file final06.txt (compact mmCIF, C-alpha atoms)
# COMPACT_ATOMS: atom_id res chain seq x y z
CA MET A 1 15.33 13.51 -8.91
CA ALA A 2 11.86 14.31 -7.82
CA ALA A 3 12.96 13.81 -4.23
CA ARG A 4 15.12 16.88 -4.44
CA ALA A 5 12.03 18.92 -5.02
CA LEU A 6 11.26 18.60 -1.34
CA THR A 7 13.86 21.18 -0.44
CA ARG A 8 12.12 24.46 -0.83
CA GLY A 9 12.65 27.75 0.87
CA LEU A 10 15.29 28.66 3.33
CA LEU A 11 13.14 28.55 6.42
CA GLY A 12 11.66 25.22 7.42
CA LEU A 13 8.13 24.98 8.68
CA ARG A 14 9.30 24.27 12.15
CA HIS A 15 11.64 27.20 12.40
CA SER A 16 9.57 29.96 10.89
CA ARG A 17 7.17 30.36 13.78
CA THR A 18 7.89 31.47 17.30
CA VAL A 19 7.28 28.22 19.09
CA THR A 20 6.59 28.35 22.77
CA LEU A 21 7.64 25.37 24.81
CA THR A 22 5.02 24.20 27.21
CA TYR A 23 5.93 22.33 30.31
CA SER A 24 3.50 19.67 31.29
CA GLY A 25 4.07 16.86 33.68
CA GLY A 26 7.80 16.69 33.19
CA HIS A 27 7.75 16.67 29.35
CA HIS A 28 8.89 19.55 27.21
CA TYR A 29 7.23 19.70 23.87
CA ALA A 30 6.25 22.25 21.28
CA THR A 31 2.71 21.94 20.00
CA ALA A 32 1.00 23.72 17.18
CA THR A 33 -1.77 24.85 19.50
CA SER A 34 0.66 26.76 21.68
CA VAL A 35 1.88 28.93 18.80
CA LYS A 36 0.61 32.47 19.27
CA SER A 37 0.18 34.96 16.50
CA PRO A 38 2.77 37.63 17.30
CA GLN A 39 1.56 40.79 15.50
CA PRO A 40 -1.92 42.27 16.06
CA GLN A 41 -2.27 43.62 12.51
CA VAL A 42 -2.17 40.09 11.15
CA ASP A 43 -5.59 39.40 12.66
CA GLU A 44 -7.52 41.27 10.04
CA TYR A 45 -5.71 39.36 7.32
CA THR A 46 -6.22 36.15 9.22
CA ASP A 47 -9.88 36.76 9.70
CA LYS A 48 -10.75 37.74 6.18
CA ILE A 49 -8.63 35.40 4.17
CA LEU A 50 -7.82 32.46 6.35
CA ASN A 51 -10.91 32.06 8.51
CA GLN A 52 -13.61 32.86 5.99
CA PRO A 53 -13.25 29.60 4.01
CA LEU A 54 -13.63 27.68 7.24
CA GLN A 55 -17.11 29.06 7.87
CA LYS A 56 -18.75 27.05 5.11
CA PRO A 57 -18.67 23.25 4.81
CA ASP A 58 -17.93 23.26 1.08
CA PHE A 59 -16.38 26.64 0.40
CA PHE A 60 -14.66 25.51 -2.80
CA ARG A 61 -17.72 23.60 -4.05
CA VAL A 62 -15.76 20.45 -4.73
CA SER A 63 -18.95 18.41 -4.74
CA GLU A 64 -19.76 19.97 -8.09
CA LEU A 65 -16.60 18.58 -9.65
CA PHE A 66 -17.86 15.03 -9.92
CA SER A 67 -21.01 12.94 -9.66
CA LEU A 68 -21.73 9.35 -8.84
CA LYS A 69 -22.28 8.63 -12.52
CA ASP A 70 -18.81 9.95 -13.37
CA LEU A 71 -17.29 7.65 -10.78
CA PHE A 72 -19.30 4.73 -12.08
CA ASP A 73 -18.29 5.36 -15.69
CA ALA A 74 -14.66 5.53 -14.65
CA ARG A 75 -15.01 2.08 -13.01
CA VAL A 76 -14.18 3.31 -9.50
CA HIS A 77 -16.45 0.67 -7.99
CA LEU A 78 -14.48 -2.33 -9.26
CA GLY A 79 -12.41 -4.05 -6.63
CA HIS A 80 -10.12 -7.02 -6.64
CA LYS A 81 -11.13 -10.60 -6.11
CA LYS A 82 -12.47 -11.86 -2.81
CA GLY A 83 -9.22 -13.61 -1.98
CA CYS A 84 -7.25 -10.34 -2.22
CA ARG A 85 -9.56 -8.46 0.11
CA HIS A 86 -8.14 -6.69 3.13
CA ARG A 87 -10.14 -7.24 6.29
CA LEU A 88 -10.29 -3.53 7.09
CA MET A 89 -11.79 -2.65 3.71
CA GLU A 90 -14.95 -4.63 4.39
CA PRO A 91 -16.95 -1.61 5.67
CA TYR A 92 -16.32 0.17 2.37
CA LEU A 93 -17.47 -2.68 0.15
CA TYR A 94 -20.98 -2.84 -1.26
CA GLY A 95 -20.72 -6.57 -1.72
CA CYS A 96 -19.11 -9.33 -3.67
CA ARG A 97 -20.37 -10.38 -7.07
CA LEU A 98 -19.08 -13.67 -8.47
CA ASP A 99 -15.95 -13.38 -6.33
CA HIS A 100 -15.26 -9.77 -7.37
CA ASP A 101 -15.55 -7.10 -4.70
CA ILE A 102 -17.69 -4.07 -5.48
CA ILE A 103 -16.82 -0.87 -3.65
CA ASP A 104 -19.76 1.15 -2.33
CA LEU A 105 -19.81 4.31 -4.41
CA ASP A 106 -22.16 6.12 -2.02
CA GLN A 107 -19.44 5.98 0.61
CA THR A 108 -16.80 6.81 -1.96
CA VAL A 109 -18.64 9.99 -2.93
CA GLU A 110 -18.65 11.17 0.69
CA HIS A 111 -15.02 10.30 1.26
CA LEU A 112 -13.93 11.88 -2.00
CA GLN A 113 -15.74 15.09 -1.11
CA LEU A 114 -14.00 15.24 2.26
CA ALA A 115 -10.62 14.51 0.73
CA LEU A 116 -10.98 17.08 -2.07
CA ASN A 117 -12.27 19.68 0.36
CA PHE A 118 -9.28 19.13 2.62
CA THR A 119 -6.87 19.27 -0.33
CA ALA A 120 -8.46 22.51 -1.46
CA HIS A 121 -8.05 24.07 1.97
CA VAL A 122 -4.40 23.02 2.15
CA ALA A 123 -3.73 24.42 -1.31
CA TYR A 124 -5.60 27.62 -0.42
CA ARG A 125 -3.25 28.18 2.49
CA GLY A 126 -0.18 27.68 0.35
CA GLY A 127 0.63 24.21 1.60
CA VAL A 128 3.05 21.89 -0.13
CA ILE A 129 1.25 18.89 -1.61
CA LEU A 130 3.15 15.77 -2.58
CA PHE A 131 1.65 13.19 -4.94
CA VAL A 132 2.95 9.69 -4.36
CA SER A 133 2.28 6.60 -6.42
CA ARG A 134 4.46 3.62 -6.97
CA ARG A 135 2.50 2.30 -9.94
CA ARG A 136 4.87 2.51 -12.85
CA GLN A 137 1.97 2.43 -15.29
CA PHE A 138 0.73 5.80 -14.04
CA SER A 139 4.00 7.37 -13.00
CA HIS A 140 4.09 9.79 -15.91
CA LEU A 141 0.47 10.77 -15.44
CA VAL A 142 1.00 11.58 -11.76
CA GLU A 143 4.10 13.60 -12.45
CA CYS A 144 2.35 15.61 -15.17
CA THR A 145 -0.59 16.25 -12.87
CA ALA A 146 1.69 17.56 -10.18
CA LYS A 147 3.54 19.77 -12.60
CA ASP A 148 0.33 21.19 -14.04
CA CYS A 149 -1.02 22.27 -10.69
CA GLY A 150 2.30 23.55 -9.39
CA GLU A 151 2.78 20.90 -6.73
CA TYR A 152 5.20 18.04 -6.22
CA ALA A 153 5.30 14.35 -7.05
CA HIS A 154 7.38 11.38 -5.96
CA THR A 155 6.81 8.29 -8.07
CA ARG A 156 10.21 6.64 -7.70
CA TYR A 157 11.84 4.51 -5.08
CA TRP A 158 11.12 5.88 -1.61
CA GLN A 159 14.27 6.13 0.44
CA GLY A 160 13.82 5.08 4.02
CA GLY A 161 14.58 8.37 5.70
CA LEU A 162 12.92 10.68 3.23
CA LEU A 163 10.53 12.16 5.77
CA THR A 164 11.85 10.88 9.06
CA ASN A 165 15.50 11.66 8.38
CA ALA A 166 15.01 14.70 6.18
CA ASN A 167 17.09 17.07 8.25
CA ILE A 168 20.16 14.92 7.85
CA GLN A 169 19.61 13.71 4.31
CA TYR A 170 18.71 17.07 2.81
CA GLY A 171 20.30 19.55 5.19
CA SER A 172 18.70 21.28 8.13
CA GLY A 173 15.71 23.51 7.65
CA VAL A 174 13.93 21.41 5.06
CA ARG A 175 10.25 22.07 4.56
CA LEU A 176 8.29 18.84 4.55
CA PRO A 177 5.04 18.48 2.62
CA ASP A 178 1.86 19.63 4.33
CA LEU A 179 -0.25 17.00 2.60
CA ILE A 180 0.67 13.76 0.89
CA VAL A 181 -1.76 12.37 -1.70
CA PHE A 182 -1.34 8.67 -2.39
CA LEU A 183 -2.84 7.72 -5.71
CA SER A 184 -2.00 4.14 -4.87
CA THR A 185 -1.19 3.10 -1.32
CA LEU A 186 0.68 -0.07 -2.27
CA ASN A 187 4.22 -0.41 -3.49
CA ASN A 188 5.40 -2.79 -6.18
CA VAL A 189 5.37 -5.85 -3.93
CA PHE A 190 1.80 -5.30 -2.69
CA GLN A 191 2.84 -4.04 0.71
CA GLN A 192 1.72 -0.80 2.23
CA HIS A 193 3.78 2.14 1.02
CA VAL A 194 6.34 3.28 3.58
CA GLY A 195 5.24 6.85 3.09
CA ILE A 196 1.92 6.26 4.85
CA ARG A 197 3.58 5.16 8.04
CA ASP A 198 6.22 7.87 7.83
CA ALA A 199 3.68 10.60 7.22
CA ALA A 200 1.75 9.44 10.25
CA LYS A 201 4.96 9.59 12.26
CA MET A 202 5.70 13.11 11.11
CA ASN A 203 2.11 14.36 11.66
CA ILE A 204 1.57 14.96 7.96
CA PRO A 205 -2.05 14.35 6.89
CA THR A 206 -2.51 11.91 4.03
CA VAL A 207 -5.16 11.45 1.38
CA GLY A 208 -5.09 8.01 -0.19
CA VAL A 209 -7.00 6.00 -2.76
CA VAL A 210 -7.49 2.62 -1.11
CA ASP A 211 -8.43 -0.37 -3.22
CA SER A 212 -10.01 -3.50 -1.78
CA ASN A 213 -6.59 -5.01 -1.07
CA CYS A 214 -5.17 -1.98 0.79
CA ASN A 215 -5.03 -1.12 4.47
CA PRO A 216 -6.94 2.11 5.08
CA SER A 217 -6.19 2.50 8.76
CA LEU A 218 -3.30 4.98 8.76
CA VAL A 219 -4.62 7.14 5.93
CA THR A 220 -6.22 10.35 7.21
CA TYR A 221 -8.70 10.73 4.35
CA PRO A 222 -9.10 7.39 2.63
CA ILE A 223 -10.94 7.27 -0.67
CA PRO A 224 -12.19 3.74 -1.25
CA GLY A 225 -11.93 3.12 -4.97
CA ASN A 226 -10.24 1.37 -7.81
CA ASP A 227 -6.59 2.24 -8.38
CA ASP A 228 -5.71 -0.09 -11.23
CA THR A 229 -7.55 1.15 -14.31
CA PRO A 230 -6.09 4.01 -16.41
CA VAL A 231 -9.51 5.66 -16.77
CA THR A 232 -9.90 5.78 -13.01
CA MET A 233 -6.46 7.21 -12.42
CA GLU A 234 -7.06 9.87 -15.02
CA LEU A 235 -10.26 10.79 -13.22
CA TYR A 236 -8.52 11.14 -9.88
CA CYS A 237 -5.68 13.16 -11.34
CA ARG A 238 -8.12 15.44 -13.10
CA LEU A 239 -10.13 15.94 -9.91
CA PHE A 240 -7.09 16.74 -7.80
CA LYS A 241 -5.71 19.08 -10.43
CA MET A 242 -9.01 20.93 -10.70
CA THR A 243 -9.36 21.17 -6.94
CA ILE A 244 -5.89 22.54 -6.37
CA SER A 245 -6.14 25.00 -9.25
CA ARG A 246 -9.50 26.16 -8.01
CA ALA A 247 -8.21 26.67 -4.50
CA LYS A 248 -5.16 28.61 -5.65
CA ASP A 249 -7.23 30.81 -7.94
CA LYS A 250 -9.62 31.46 -5.08
CA ARG A 251 -6.73 32.52 -2.90
CA ARG A 252 -5.50 35.00 -5.48
CA GLN A 253 -9.02 36.27 -5.87
CA MET A 254 -9.48 36.76 -2.13
CA GLU A 255 -6.20 38.59 -1.83
CA ILE A 256 -7.09 40.96 -4.61
CA LEU A 257 -10.60 41.39 -3.25
CA HIS A 258 -9.49 42.38 0.19
CA GLY A 259 -6.62 44.44 -1.12
CA LEU A 260 -4.12 42.72 1.14
CA SER A 261 -0.86 41.24 0.06
CA ALA A 262 0.77 38.08 1.30
CA PRO A 263 3.19 38.42 4.23
CA SER A 264 6.91 38.72 3.47
CA THR A 265 8.02 35.23 4.54
CA PRO A 266 7.61 32.52 1.88
CA SER A 267 5.55 30.21 4.08
CA SER A 268 2.19 31.83 4.51
CA CYS A 269 0.86 29.34 7.01
CA HIS A 270 0.54 31.77 9.89
CA GLU A 271 -2.12 30.93 12.41
CA MET B 1 -30.57 -0.28 5.08
CA ARG B 2 -29.87 -0.27 1.37
CA VAL B 3 -33.01 -0.04 -0.77
CA VAL B 4 -32.57 -2.14 -3.86
CA ALA B 5 -33.96 0.14 -6.52
CA GLY B 6 -35.26 -1.16 -9.77
CA ILE B 7 -37.57 -3.82 -8.47
CA ARG B 8 -39.61 -2.64 -11.45
CA PHE B 9 -37.92 -5.04 -13.83
CA GLY B 10 -38.66 -7.71 -11.38
CA ALA B 11 -36.12 -10.24 -12.38
CA ARG B 12 -33.04 -11.82 -10.91
CA PHE B 13 -31.54 -10.31 -7.82
CA SER B 14 -27.83 -10.79 -8.06
CA SER B 15 -26.63 -13.49 -5.74
CA CYS B 16 -24.22 -13.15 -2.84
CA ARG B 17 -24.77 -9.72 -1.36
CA PRO B 18 -24.20 -10.86 2.17
CA THR B 19 -23.83 -7.54 3.95
CA ARG B 20 -26.89 -5.75 2.63
CA SER B 21 -30.54 -6.62 2.92
CA SER B 22 -33.23 -5.19 0.71
CA SER B 23 -35.91 -3.39 2.66
CA SER B 24 -39.25 -2.32 1.32
CA SER B 25 -40.82 1.04 2.07
CA ALA B 26 -41.57 2.09 5.65
CA ALA B 27 -43.60 -0.37 7.75
CA ASP B 28 -45.61 -2.29 5.13
CA PRO B 29 -45.80 -6.01 5.65
CA PRO B 30 -44.17 -7.78 2.70
CA ARG B 31 -46.81 -8.28 0.02
CA SER B 32 -47.03 -11.32 -2.15
CA GLY B 33 -49.02 -12.66 -5.02
CA PHE B 34 -51.56 -10.39 -6.66
CA ALA B 35 -50.95 -7.50 -4.28
CA ALA B 36 -47.26 -7.32 -5.14
CA ALA B 37 -47.91 -7.60 -8.86
CA PHE B 38 -50.57 -4.88 -8.68
CA ASP B 39 -48.22 -2.52 -6.82
CA GLN B 40 -45.47 -3.16 -9.32
CA GLN B 41 -47.64 -2.57 -12.36
CA SER B 42 -49.22 0.59 -10.99
CA GLU B 43 -45.81 1.95 -10.14
CA LEU B 44 -44.63 1.18 -13.65
CA ARG B 45 -47.61 2.93 -15.14
CA ARG B 46 -47.09 5.98 -12.94
CA GLU B 47 -43.48 6.20 -13.96
CA VAL B 48 -44.26 5.94 -17.65
CA GLN B 49 -46.75 8.77 -17.31
CA SER B 50 -44.44 10.98 -15.31
CA SER B 51 -41.49 10.38 -17.59
CA ALA B 52 -43.58 11.14 -20.67
CA ALA B 53 -44.79 14.39 -19.14
CA GLY B 54 -41.77 15.89 -17.38
CA PRO B 55 -38.18 16.52 -18.49
CA ARG B 56 -36.38 13.24 -18.74
CA VAL B 57 -32.72 14.05 -18.91
CA SER B 58 -32.03 15.61 -15.54
CA SER B 59 -34.17 13.25 -13.50
CA SER B 60 -32.81 10.13 -15.15
CA VAL B 61 -29.22 11.11 -14.46
CA GLN B 62 -29.70 12.23 -10.87
CA ASP B 63 -32.21 9.66 -9.69
CA GLN B 64 -30.10 6.70 -10.65
CA SER B 65 -28.75 5.23 -7.49
CA PHE B 66 -25.57 3.25 -7.35
CA ALA B 67 -27.56 0.07 -6.92
CA SER B 68 -29.52 0.58 -10.12
CA LEU B 69 -26.45 1.71 -12.05
CA LEU B 70 -24.66 -1.41 -10.93
CA ARG B 71 -27.51 -3.74 -11.70
CA ARG B 72 -27.83 -2.40 -15.23
CA SER B 73 -24.14 -2.24 -15.98
CA PRO B 74 -22.94 -4.58 -18.71
CA LEU B 75 -20.39 -6.15 -16.40
CA VAL B 76 -23.07 -7.34 -14.00
CA GLN B 77 -25.58 -8.25 -16.69
CA MET B 78 -22.94 -10.38 -18.35
CA GLY B 79 -22.72 -12.79 -15.43
CA PRO B 80 -19.72 -15.08 -15.05
CA ALA B 81 -16.92 -14.00 -17.33
CA ARG B 82 -16.03 -17.46 -18.57
CA ASP B 83 -16.41 -17.78 -22.36
CA LYS B 84 -18.22 -14.50 -22.84
CA LEU B 85 -17.64 -12.61 -26.07
CA VAL B 86 -16.81 -8.94 -25.71
CA VAL B 87 -15.40 -6.17 -27.84
CA GLY B 88 -12.24 -4.47 -26.63
CA ARG B 89 -9.89 -1.79 -27.79
CA ILE B 90 -6.12 -2.13 -28.06
CA VAL B 91 -4.52 0.45 -25.76
CA HIS B 92 -0.87 -0.51 -25.97
CA VAL B 93 1.35 -2.61 -28.17
CA VAL B 94 4.70 -4.04 -27.12
CA GLY B 95 6.17 -6.00 -29.98
CA ASP B 96 3.95 -9.03 -30.35
CA ASP B 97 1.85 -8.37 -27.23
CA LEU B 98 -1.41 -6.47 -27.48
CA TYR B 99 -2.87 -4.88 -24.35
CA VAL B 100 -6.64 -4.84 -24.80
CA ASP B 101 -9.09 -2.91 -22.64
CA PHE B 102 -12.64 -4.29 -22.70
CA GLY B 103 -14.26 -2.30 -19.95
CA GLY B 104 -13.26 -4.37 -16.95
CA LYS B 105 -10.94 -3.50 -14.13
CA PHE B 106 -7.86 -4.79 -15.91
CA HIS B 107 -6.67 -5.07 -19.45
CA CYS B 108 -5.83 -8.40 -21.03
CA VAL B 109 -2.67 -9.23 -22.89
CA CYS B 110 -2.95 -11.26 -26.09
CA ARG B 111 -0.35 -12.36 -28.55
CA ARG B 112 -0.62 -10.98 -32.04
CA PRO B 113 -1.96 -13.71 -34.33
CA ALA B 114 0.14 -14.84 -37.21
CA ALA B 115 -2.55 -14.19 -39.82
CA GLY B 116 -3.80 -10.63 -40.26
CA GLY B 117 -1.70 -9.30 -37.41
CA GLU B 118 -0.64 -6.10 -39.13
CA LYS B 119 -4.15 -4.67 -38.91
CA LEU B 120 -4.05 -4.75 -35.10
CA GLN B 121 -2.59 -1.47 -33.90
CA ARG B 122 -3.36 0.93 -31.08
CA GLY B 123 -7.02 1.88 -31.16
CA THR B 124 -8.20 -1.15 -33.14
CA ARG B 125 -11.35 -2.75 -31.83
CA VAL B 126 -11.09 -6.49 -31.44
CA ARG B 127 -13.32 -9.33 -30.36
CA LEU B 128 -12.33 -11.36 -27.33
CA ARG B 129 -13.50 -14.45 -25.55
CA LEU B 130 -13.00 -13.77 -21.85
CA GLN B 131 -11.62 -16.41 -19.57
CA ASP B 132 -11.09 -14.51 -16.34
CA LEU B 133 -11.48 -10.89 -15.27
CA GLU B 134 -8.53 -11.02 -12.91
CA LEU B 135 -5.83 -13.66 -12.67
CA THR B 136 -5.35 -14.48 -9.01
CA ALA B 137 -4.20 -17.52 -7.10
CA ARG B 138 -3.62 -18.36 -3.46
CA PHE B 139 -0.20 -19.82 -2.91
CA LEU B 140 0.86 -21.98 -0.02
CA GLY B 141 1.71 -20.03 3.09
CA ALA B 142 0.27 -16.75 1.84
CA ASP B 143 -2.37 -14.66 3.64
CA THR B 144 -3.93 -13.21 0.53
CA ASP B 145 -4.15 -14.11 -3.11
CA THR B 146 -1.37 -13.10 -5.43
CA THR B 147 -2.77 -11.12 -8.32
CA LEU B 148 -1.26 -10.60 -11.73
CA LEU B 149 -3.21 -7.37 -12.33
CA GLU B 150 -4.33 -8.69 -15.70
CA ALA B 151 -7.36 -10.34 -17.22
CA GLN B 152 -7.20 -13.34 -19.50
CA ALA B 153 -8.94 -13.59 -22.83
CA LEU B 154 -8.56 -15.23 -26.22
CA LEU B 155 -8.23 -12.95 -29.18
CA LEU B 156 -10.75 -13.80 -31.86
CA GLY B 157 -9.93 -11.14 -34.37
CA PRO B 158 -10.70 -7.57 -35.32
CA VAL B 159 -14.25 -6.27 -35.34
CA ASP B 160 -15.12 -6.24 -39.01
CA GLY B 161 -17.76 -4.22 -40.78
CA ARG B 162 -20.17 -7.14 -40.83
CA GLU B 163 -21.80 -7.57 -37.41
CA VAL B 164 -21.43 -10.96 -35.83
CA HIS B 165 -24.83 -11.67 -34.31
CA HIS B 166 -23.74 -13.32 -31.07
CA SER B 167 -21.15 -10.80 -29.94
CA GLN B 168 -22.18 -8.72 -26.92
CA ARG B 169 -21.78 -5.01 -26.21

call {"tool": "encode", "arguments": {"input": "final06.txt", "output": "structure tokens"}}
result
Amino acid sequence: MAARALTRGLLGLRHSRTVTLTYSGGHHYATATSVKSPQPQVDEYTDKILNQPLQKPDFFRVSELFSLKDLFDARVHLGHKKGCRHRLMEPYLYGCRLDHDIIDLDQTVEHLQLALNFTAHVAYRGGVILFVSRRRQFSHLVECTAKDCGEYAHTRYWQGGLLTNANIQYGSGVRLPDLIVFLSTLNNVFQQHVGIRDAAKMNIPTVGVVDSNCNPSLVTYPIPGNDDTPVTMELYCRLFKMTISRAKDKRRQMEILHGLSAPSTPSSCHE
Amino acid sequence: MRVVAGIRFGARFSSCRPTRSSSSSAADPPRSGFAAAFDQQSELRREVQSSAAGPRVSSSVQDQSFASLLRRSPLVQMGPARDKLVVGRIVHVVGDDLYVDFGGKFHCVCRRPAAGGEKLQRGTRVRLRLQDLELTARFLGADTDTTLLEAQALLLGPVDGREVHHSQR
């Protein structure tokens, strides 16, 4: 099952760092900000490889991967009918033509750039990316995309405790995905996919393609756009695959360039 | 807020764009009559001259805003989808059902006709008469419409060598 692919590595993300507990107002909690980098020689590595991409706004040049014309030709701007519209999608709509919603591609271009840039940074740092889509029509396409870029996909039935109950369902020390990409945020009965809410609960950022009948509020990087046409889905899959491949190649390039090798632990997300 | 490009071709502004208003350049008072026509024609002439002189390809691709792309797209130029003739391509076949993609958001599903049905395979181009671009209906007690994620069209037949003069696209 694709769900089994979530178990990866022996050390979970939460256990591989030295986490300091901070005491504040009677509550004990461990926050990511309180994690200190233990060894001093890691700083040079950190600075050159991890911090350098953060200096520029578009380090991976994802804005060159697509243009507004490409989105238009792939019918990204076509939304559902007026009666299917979600109230919270109204800011992303250009208007309504003969009862059909038209999504504003100028906004979509900005959102897509942000989403691809974020995906590239996550992939650059060796994060686990999970593609989720419950559209059976595109299930094979999504799974092939994930396989081609070396990431993971889950296009089957989502068990309730997949993220929230992972330690019990899959054994302790499971590494959860660092980014979840929803190529369609609805499930087969037109309700919001459970994964969006669960990812928000587990502090996992999400990128999601939201159509005019979807709820964009819990998605970290929504991409307003069509999610029903095969041409459009192929475009998205191609863009994500190119972004992730580009980011991973860049990482290898940077490591060779600076003559440093990756640290010994499998998860290279040291801060 | 949103400049409606392509006032050059003057004609019909598409109805119902409630959230956007077209604004003219900077602080000019809205011109009418001869003044507006003069501005339009001189702008047209300038553009013809500049496009004849300079390189066309790069500027035409980059300068096209979403508004002008949308206005000139066949889907918008077509108008209401009822009884419009389009050409589609069969993308999937399940027994007697043909899934035809004609450039809209959804495909339409047509039954294979009894006569001449063997010619219609994946990749065949067919003529359709559209009925609806998306089949939706609001049922009692529901918040939103229920959608079938399909369009509806009548299959007229394959696109033959001879061009039928009233078919679009």

call {"tool": "residues_around", "arguments": {"input": "final06.txt", "residues": "stretch 174-186 of chain A", "least_positions_apart": "3", "cutoff": "7 Å", "atoms": "only C-alpha atoms", "output": "MDAnalysis selection string"}}
result
chainID A and resid 6:8 12:13 127:134 166:167 170:171 190:193 204:210 214 227

call {"tool": "closest_residue", "arguments": {"input": "final06.txt", "among": "B:His92, B:Arg125, B:Arg111, B:Arg138", "to": "B:Asp160", "atoms": "all atoms listed in the file"}}
result
B:Arg125

call {"tool": "atom_distance", "arguments": {"input": "final06.txt", "atom1": "atom CA of A:Leu116", "atom2": "atom CA of A:Gly160"}}
result
28.2 Å

call {"tool": "closest_residue", "arguments": {"input": "final06.txt", "among": "B:Phe34, B:Leu148, B:Gln64, B:Arg129", "to": "B:Val86", "atoms": "only C-alpha atoms"}}
result
B:Arg129

call {"tool": "residues_around", "arguments": {"input": "final06.txt", "residues": "stretch 74-87 of chain A", "least_positions_apart": "2", "cutoff": "9 Å", "atoms": "all atoms listed in the file", "output": "PyMOL selection string"}}
result
(chain A and resi 69-72+89-91+93-94+96+98-105+108+211-215+224-227+229-235) or (chain B and resi 70+103-105+134-138+143-147+149)

call {"tool": "closest_residue", "arguments": {"input": "final06.txt", "among": "A:Thr164, A:Thr155, A:Ser217, A:Gln113", "to": "A:Pro57", "atoms": "only C-alpha atoms"}}
result
A:Gln113

call {"tool": "closest_residue", "arguments": {"input": "final06.txt", "among": "A:Tyr124, A:Phe240, A:Phe118, A:Tyr45", "to": "A:Gln253", "atoms": "only C-alpha atoms"}}
result
A:Tyr124

call {"tool": "closest_residue", "arguments": {"input": "final06.txt", "among": "A:Leu162, A:Val189, A:Ile168, A:Ala123", "to": "chain B", "atoms": "only C-alpha atoms"}}
result
A:Val189

call {"tool": "closest_residue", "arguments": {"input": "final06.txt", "among": "B:Ala114, B:Val48, B:Ala142, B:Arg31", "to": "chain A", "atoms": "all atoms listed in the file"}}
result
B:Ala142

call {"tool": "build_atoms", "arguments": {"input": "final06.txt", "residues": "stretch 130-142 of chain A", "atoms": "N, CA and C atoms", "output": "short mmCIF file (atom, residue, chain, number, x, y, z; two decimals), in the frame of the given file"}}
result
data_model
loop_
_atom_site.label_atom_id
_atom_site.label_comp_id
_atom_site.auth_asym_id
_atom_site.auth_seq_id
_atom_site.Cartn_x
_atom_site.Cartn_y
_atom_site.Cartn_z
N LEU A 130 2.28 16.74 -1.92
CA LEU A 130 3.15 15.77 -2.58
C LEU A 130 2.30 14.61 -3.07
N PHE A 131 2.37 14.33 -4.37
CA PHE A 131 1.65 13.19 -4.94
C PHE A 131 2.59 12.00 -4.95
N VAL A 132 2.13 10.89 -4.42
CA VAL A 132 2.95 9.69 -4.36
C VAL A 132 2.18 8.55 -5.00
N SER A 133 2.89 7.80 -5.85
CA SER A 133 2.28 6.60 -6.42
C SER A 133 3.42 5.74 -6.90
N ARG A 134 3.37 4.47 -6.55
CA ARG A 134 4.46 3.62 -6.97
C ARG A 134 4.07 2.75 -8.17
N ARG A 135 2.92 3.06 -8.78
CA ARG A 135 2.50 2.30 -9.94
C ARG A 135 3.23 2.84 -11.15
N ARG A 136 4.05 2.02 -11.74
CA ARG A 136 4.87 2.51 -12.85
C ARG A 136 4.01 2.85 -14.07
N GLN A 137 2.86 2.18 -14.15
CA GLN A 137 1.97 2.43 -15.29
C GLN A 137 1.49 3.88 -15.31
N PHE A 138 1.31 4.47 -14.11
CA PHE A 138 0.73 5.80 -14.04
C PHE A 138 1.73 6.84 -13.56
N SER A 139 2.99 6.48 -13.54
CA SER A 139 4.00 7.37 -13.00
C SER A 139 4.06 8.68 -13.78
N HIS A 140 4.01 8.58 -15.10
CA HIS A 140 4.09 9.79 -15.91
C HIS A 140 2.87 10.67 -15.71
N LEU A 141 1.71 10.01 -15.63
CA LEU A 141 0.47 10.77 -15.44
C LEU A 141 0.49 11.56 -14.14
N VAL A 142 0.97 10.91 -13.07
CA VAL A 142 1.00 11.58 -11.76
C VAL A 142 1.98 12.74 -11.78
#
